[in-house]
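Asks: Here you go, this is structure-v8.pdb (PDB, C-alpha atoms).
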MODEL        1
ATOM      1  CA  MET C   8      -9.564 -23.396  12.136
ATOM      2  CA  PHE C   9     -11.695 -20.376  11.357
ATOM      3  CA  GLU C  10     -12.547 -19.772  15.006
ATOM      4  CA  ASP C  11      -8.877 -19.718  16.009
ATOM      5  CA  PHE C  12      -8.019 -17.276  13.215
ATOM      6  CA  PHE C  13     -10.897 -14.992  14.218
ATOM      7  CA  ILE C  14      -9.857 -14.979  17.875
ATOM      8  CA  GLU C  15      -6.188 -14.414  17.072
ATOM      9  CA  ARG C  16      -7.004 -11.630  14.621
ATOM     10  CA  ILE C  17      -9.169  -9.674  17.049
ATOM     11  CA  THR C  18      -6.585 -10.078  19.799
ATOM     12  CA  SER C  19      -3.754  -9.005  17.495
ATOM     13  CA  LEU C  20      -5.614  -5.962  16.162
ATOM     14  CA  ARG C  21      -6.658  -4.938  19.655
ATOM     15  CA  ASN C  22      -3.071  -5.218  20.888
ATOM     16  CA  GLN C  23      -1.826  -3.209  17.890
ATOM     17  CA  LYS C  24      -4.295  -0.487  18.825
ATOM     18  CA  ASN C  25      -3.098  -0.806  22.432
ATOM     19  CA  VAL C  26      -6.557  -0.976  24.004
ATOM     20  CA  SER C  27      -7.983  -3.307  26.606
ATOM     21  CA  ALA C  28     -10.731  -5.784  25.821
ATOM     22  CA  ARG C  29     -13.001  -3.847  28.197
ATOM     23  CA  GLU C  30     -12.282  -0.513  26.524
ATOM     24  CA  MET C  31     -12.951  -1.970  23.081
ATOM     25  CA  SER C  32     -16.164  -3.649  24.245
ATOM     26  CA  LEU C  33     -17.541  -0.375  25.535
ATOM     27  CA  ALA C  34     -16.394   1.535  22.437
ATOM     28  CA  ILE C  35     -18.431  -0.747  20.163
ATOM     29  CA  GLY C  36     -21.496  -0.470  22.392
ATOM     30  CA  GLN C  37     -21.279  -3.836  24.127
ATOM     31  CA  ASN C  38     -21.043  -4.916  27.747
ATOM     32  CA  PRO C  39     -17.573  -4.669  29.341
ATOM     33  CA  SER C  40     -16.720  -8.382  28.978
ATOM     34  CA  TYR C  41     -17.884  -8.835  25.372
ATOM     35  CA  ILE C  42     -14.492  -8.811  23.599
ATOM     36  CA  ASN C  43     -12.993 -10.927  26.359
ATOM     37  CA  ARG C  44     -15.669 -13.559  25.719
ATOM     38  CA  ILE C  45     -14.866 -13.498  21.993
ATOM     39  CA  GLU C  46     -11.151 -13.852  22.680
ATOM     40  CA  ASN C  47     -11.872 -16.799  24.965
ATOM     41  CA  GLY C  48     -13.980 -18.492  22.283
ATOM     42  CA  LYS C  49     -17.204 -18.299  24.292
ATOM     43  CA  THR C  50     -19.106 -16.199  21.766
ATOM     44  CA  PHE C  51     -18.809 -14.723  18.300
ATOM     45  CA  PRO C  52     -20.212 -11.427  17.074
ATOM     46  CA  SER C  53     -23.262 -10.976  14.924
ATOM     47  CA  MET C  54     -22.607  -9.684  11.426
ATOM     48  CA  GLN C  55     -23.631  -6.173  12.481
ATOM     49  CA  THR C  56     -21.274  -6.238  15.455
ATOM     50  CA  PHE C  57     -18.508  -7.611  13.249
ATOM     51  CA  PHE C  58     -18.936  -4.531  11.039
ATOM     52  CA  TYR C  59     -18.690  -2.331  14.167
ATOM     53  CA  ILE C  60     -15.473  -4.146  15.086
ATOM     54  CA  CYS C  61     -14.018  -3.491  11.631
ATOM     55  CA  GLU C  62     -15.082   0.145  11.857
ATOM     56  CA  TYR C  63     -13.462   0.385  15.295
ATOM     57  CA  PHE C  64     -10.173  -0.801  13.792
ATOM     58  CA  ASN C  65     -10.701   1.377  10.702
ATOM     59  CA  ILE C  66     -10.337  -1.630   8.395
ATOM     60  CA  SER C  67     -12.622  -3.346   5.920
ATOM     61  CA  PRO C  68     -13.948  -6.874   6.473
ATOM     62  CA  MET C  69     -11.638  -7.956   3.647
ATOM     63  CA  GLU C  70      -8.647  -6.514   5.515
ATOM     64  CA  PHE C  71      -9.776  -8.289   8.681
ATOM     65  CA  PHE C  72      -9.616 -11.667   6.940
ATOM     66  CA  ASN C  73      -6.466 -10.938   4.913
ATOM     67  CA  ASP C  74      -3.934 -12.976   6.867
ATOM     68  CA  GLY C  75      -1.245 -11.898   4.390
ATOM     69  CA  CYS C  76      -1.327  -8.439   5.975
ATOM     70  CA  PRO C  77      -0.635  -8.798   9.698
ATOM     71  CA  TYR C  78      -0.663  -5.026  10.350
ATOM     72  CA  PRO C  79      -3.628  -3.526   8.488
ATOM     73  CA  LEU C  80      -3.926  -0.598  10.900
ATOM     74  CA  LYS C  81      -0.392   0.582  10.182
ATOM     75  CA  THR C  82      -0.705  -0.225   6.478
ATOM     76  CA  ASN C  83      -3.785   2.003   6.220
ATOM     77  CA  GLN C  84      -2.024   4.812   8.095
ATOM     78  CA  ILE C  85       0.951   4.556   5.744
ATOM     79  CA  ILE C  86      -1.267   4.605   2.652
ATOM     80  CA  GLU C  87      -3.110   7.646   3.960
ATOM     81  CA  ALA C  88       0.162   9.465   4.607
ATOM     82  CA  LEU C  89       1.566   8.459   1.197
ATOM     83  CA  SER C  90      -1.464   9.871  -0.578
ATOM     84  CA  LYS C  91      -0.389  13.347   0.571
ATOM     85  CA  LEU C  92       3.116  13.175  -0.904
ATOM     86  CA  ASP C  93       4.272  14.438  -4.270
ATOM     87  CA  ASP C  94       5.909  12.320  -6.979
ATOM     88  CA  THR C  95       9.479  13.017  -5.864
ATOM     89  CA  GLN C  96       8.694  12.157  -2.258
ATOM     90  CA  LEU C  97       6.968   8.941  -3.336
ATOM     91  CA  ASP C  98      10.053   7.959  -5.362
ATOM     92  CA  ALA C  99      12.223   8.483  -2.271
ATOM     93  CA  ILE C 100       9.899   6.377  -0.105
ATOM     94  CA  LEU C 101       9.805   3.617  -2.722
ATOM     95  CA  ALA C 102      13.627   3.561  -2.875
ATOM     96  CA  LEU C 103      13.761   3.325   0.919
ATOM     97  CA  ILE C 104      11.272   0.441   0.947
ATOM     98  CA  LYS C 105      13.250  -1.448  -1.683
ATOM     99  CA  THR C 106      16.426  -0.960   0.343
ATOM    100  CA  MET C 107      14.715  -2.240   3.482
ATOM    101  CA  GLN C 108      13.347  -5.300   1.686
ATOM    102  CA  ASN C 109      16.862  -6.266   0.563
ATOM    103  CA  HIS C 110      18.174  -6.346   4.134
TER     104      HIS C 110
ENDMDL
END
Kindly transcribe the structure held in the file into structure tokens.

Replies:
Amino acid sequence: MFEDFFIERITSLRNQKNVSAREMSLAIGQNPSYINRIENGKTFPSMQTFFYICEYFNISPMEFFNDGCPYPLKTNQIIEALSKLDDTQLDAILALIKTMQNH
């Protein structure tokens, strides 16, 4: 169900960021129990608050709903780091990735 996915995704992203529900709630300008209530299925965010949540995780709404990418925070960090490498370095990273995928 959509609700279950939403709850699991917020919980997973929050755990990946290693922050408490209270800390996240306050960081997005909500009361201390807000994220906890979402994770318990008692409420769901408004569209505006959903955008704040995505901004908090530094992901787009599309990345939030992309269940094919379980670690969008790390993926974005990797892409940002890769964008600073030269062609030779990128070739080396690509070779490493291909080796890892074969194991």

Asks: Could you name the residues that touch Tyr63 in chain C at 8 Å or less, counting only C-alpha atoms, but leaving out those on the same chain fewer than 3 positions away, as a PyMOL selection string?

Replies: chain C and resi 34-35+59-60+66

Asks: What's the separation between CA of Glu70 in chain C and CA of Thr50 in chain C, in Å to one decimal place?

Replies: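 Distance between the two atoms: 21.6 Å.
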
Asks: In Å, how far is it from CA of Leu103 in chain C to CA of Cys76 in chain C?

Replies: 19.8 Å

Asks: Skipping near chain neighbours, those fewer than 5 positions away, what residues fall within 12 Å of Glu62 in chain C using all atoms listed in the file, listed as a PyMOL selection string?

Replies: chain C and resi 31+34-35+55-57+67-68+70-71+80

Asks: Excluding same-chain residues fewer than 2 positions from Phe12 in chain C, what lies within 12 Å of it counting all atoms listed in the file, as a ChimeraX atom specification?

Replies: /C:8-10,14-20,45-46,48,71-74,77

Asks: So which residues touch Glu30 in chain C within 12 Å, counting only C-alpha atoms, skipping near sequence neighbours fewer than 5 positions away, as a list of chain:residue names?

Replies: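 Using only C-alpha atoms, the neighbours found are C:Arg21, C:Asn22, C:Lys24, C:Asn25, C:Ile35, C:Gly36, C:Gln37, C:Asn38, C:Pro39, C:Ser40, C:Tyr41, C:Ile42, C:Asn43, C:Tyr63.
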
Asks: To box range 44-59 of chain C, take all atoms listed in the file, fit an axis-aligned box, add 4 Å on each side, and give centre and edge lengths in Å to one decimal, as lines of an AutoDock Vina configuration file.

Replies:
center_x = -17.4
center_y = -10.4
center_z = 18.4
size_x = 20.5
size_y = 24.2
size_z = 22.7

Asks: Quote the spacing between CA of Pro52 in chain C and CA of Ser32 in chain C in Å to one decimal place.

Replies: 11.3 Å

Asks: When you count all atoms listed in the file, which of these residues is closest to Cys61 in chain C: C:Ile104, C:Asp11, C:Gln96, C:Pro79?

Replies: C:Pro79

Asks: From the set C:Phe58, C:Gln108, C:Thr82, C:Arg29, which residue has the shortest atom-to-atom contact distance to Arg44 in chain C, counting all atoms listed in the file?

Replies: C:Arg29

Asks: Kindly indicate which residue among C:Ile100, C:Leu33, C:Met69, C:Gly75 lies nearest to Ala88 in chain C, using only C-alpha atoms for the distances.

Replies: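 The closest residue to Ala88 in chain C is C:Ile100.
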